[in-house]
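upload39.cif, holding mmCIF, C-alpha atoms:
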```cif
data_run
loop_
_atom_site.label_atom_id
_atom_site.label_comp_id
_atom_site.auth_asym_id
_atom_site.auth_seq_id
_atom_site.Cartn_x
_atom_site.Cartn_y
_atom_site.Cartn_z
CA MET X 1112 0.00 0.00 0.00
CA PHE X 1113 2.90 2.33 0.76
CA SER X 1114 4.41 1.88 -2.71
CA ARG X 1115 1.07 2.70 -4.36
CA SER X 1116 0.86 5.89 -2.31
CA ILE X 1117 4.32 6.99 -3.43
CA LEU X 1118 3.55 6.10 -7.06
CA VAL X 1119 0.34 8.18 -6.96
CA ALA X 1120 2.28 11.16 -5.56
CA VAL X 1121 5.06 10.89 -8.14
CA VAL X 1122 2.68 10.52 -11.07
CA GLY X 1123 0.54 13.39 -9.78
CA TRP X 1124 3.48 15.78 -9.47
CA PHE X 1125 4.79 14.67 -12.88
CA GLN X 1126 1.42 15.43 -14.46
CA VAL X 1127 1.25 18.85 -12.80
CA LEU X 1128 4.76 19.75 -13.97
CA THR X 1129 4.05 18.49 -17.50
CA GLY X 1130 0.85 20.55 -17.63
CA ILE X 1131 2.65 23.66 -16.41
CA ALA X 1132 5.32 23.14 -19.07
CA ALA X 1133 2.64 22.76 -21.77
CA VAL X 1134 0.80 25.94 -20.69
CA ALA X 1135 4.12 27.81 -20.45
CA SER X 1136 5.04 26.71 -23.97
CA VAL X 1137 1.69 28.02 -25.24
CA TYR X 1138 2.46 31.38 -23.65
CA ILE X 1139 6.01 31.40 -25.07
CA LEU X 1140 4.66 30.67 -28.55
CA TYR X 1141 1.91 33.27 -28.22
CA GLN X 1142 4.28 36.03 -27.11
CA ASN X 1143 6.98 34.76 -29.50
CA PHE X 1144 9.68 34.83 -26.84
CA PHE X 1145 13.13 33.80 -28.07
CA ASP X 1146 11.76 33.96 -31.64
CA ALA X 1147 10.13 30.62 -30.93
CA GLN X 1148 7.72 30.74 -33.87
CA ALA X 1149 10.54 31.11 -36.41
CA VAL X 1150 12.55 28.34 -34.78
CA LEU X 1151 9.53 26.03 -34.71
CA GLN X 1152 8.72 26.83 -38.34
CA THR X 1153 12.31 26.04 -39.33
CA VAL X 1154 12.38 22.77 -37.41
CA LEU X 1155 8.94 21.52 -38.52
CA ASN X 1156 9.17 23.00 -42.03
CA ILE X 1157 5.44 23.83 -42.14
CA PRO X 1158 3.72 27.21 -42.43
CA LEU X 1159 2.63 28.14 -38.92
CA GLU X 1160 0.40 31.06 -39.84
CA GLU X 1161 -2.67 28.85 -40.17
CA SER X 1162 -1.73 25.91 -37.93
CA LEU X 1163 -0.15 27.60 -34.88
CA PRO X 1164 -3.45 28.61 -33.20
CA PHE X 1165 -4.66 25.01 -33.49
CA TYR X 1166 -1.47 23.67 -31.89
CA GLN X 1167 -1.71 26.27 -29.14
CA LEU X 1168 -5.31 25.31 -28.42
CA LEU X 1169 -4.40 21.62 -28.23
CA LEU X 1170 -1.46 22.30 -25.91
CA LEU X 1171 -3.61 24.52 -23.70
CA ILE X 1172 -6.43 21.96 -23.41
CA PHE X 1173 -4.09 19.06 -22.68
CA GLY X 1174 -1.97 21.17 -20.32
CA LEU X 1175 -4.98 22.19 -18.26
CA PHE X 1176 -6.24 18.61 -18.23
CA TRP X 1177 -2.85 17.36 -17.01
CA ILE X 1178 -2.77 19.98 -14.26
CA LEU X 1179 -6.27 19.11 -13.03
CA SER X 1180 -5.60 15.38 -13.21
CA GLY X 1181 -2.31 15.77 -11.37
CA PHE X 1182 -3.90 17.83 -8.61
CA SER X 1183 -6.60 15.19 -8.29
CA LEU X 1184 -3.96 12.49 -7.78
CA ILE X 1185 -2.09 14.67 -5.29
CA GLN X 1186 -5.33 15.26 -3.36
CA GLU X 1187 -5.94 11.50 -3.28
CA TRP X 1188 -2.41 10.97 -1.96
CA ARG X 1189 -2.79 13.63 0.73
CA GLU X 1190 -6.09 12.20 1.94
CA GLY X 1191 -4.58 8.73 2.11
CA THR X 1192 -7.44 7.02 0.33
CA PRO X 1193 -6.43 3.73 -1.30
#
```
Please go through the file and, once you have read it, give me the structure as structure tokens.
Amino acid sequence: MFSRSILVAVVGWFQVLTGIAAVASVYILYQNFFDAQAVLQTVLNIPLEESLPFYQLLLLIFGLFWILSGFSLIQEWREGTP
């Protein structure tokens, strides 16, 4: 039971950190910090003018889902429910 509790905590924190990274990358792409849009367009070799908002929306949705899911796992770990 103790190992399951630790696994839930680790997975929960990993999901929260992954979600924060996804939302931060959406913000970096939106504000074009570090000329991120040009770098991404060079690496992916696709025109981002029409596809970038779609990718940002997907990253934002999945990032928020990961954050909520991770917090749910952390809450389960803190309450000690099996």
### Query
Mind telling me what the PyMOL selection byres ((chain X and resi 1127) around 9) catches here, as a ChimeraX atom specification?
/X:1122-1126,1128-1132,1174-1175,1177-1182
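Atom CA of X:Val1134 lies 24.2 Å from atom CA of X:Leu1118.
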Padded axis-aligned box of stretch 1153-1160 of chain X (5 Å per side), centre and edge lengths, Å, one decimal, as AutoDock Vina command-line options:
```
--center_x 6.4 --center_y 26.3 --center_z -39.9 --size_x 22.0 --size_y 19.5 --size_z 15.0
```
### Summary
atom CA of X:Ile1172 sits from atom CA of X:Thr1153 at a separation of 24.9 Å
### Query
Leaving out X:Glu1190 and any residue of its chain fewer than 5 positions from it, which residues lie within 12 Å of it when counting all atoms listed in the file, given as a PyMOL selection string?
chain X and resi 1116+1119-1120+1183-1185
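Across X:Tyr1141, X:Val1121, X:Ser1136, X:Arg1115, the tightest approach to X:Pro1164 is made by X:Tyr1141 when counting all atoms listed in the file.
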### Query
What does the PyMOL selection byres ((chain X and resi 1167) around 12) select in this file, as a list of chain:residue names?
X:Ala1133, X:Val1134, X:Ala1135, X:Ser1136, X:Val1137, X:Tyr1138, X:Ile1139, X:Leu1140, X:Tyr1141, X:Gln1142, X:Gln1148, X:Leu1159, X:Glu1160, X:Glu1161, X:Ser1162, X:Leu1163, X:Pro1164, X:Phe1165, X:Tyr1166, X:Leu1168, X:Leu1169, X:Leu1170, X:Leu1171, X:Ile1172, X:Phe1173, X:Gly1174
## Note on the structure
As a check of understanding: the span from atom CA of X:Glu1187 to atom CA of X:Phe1113 is 13.4 Å
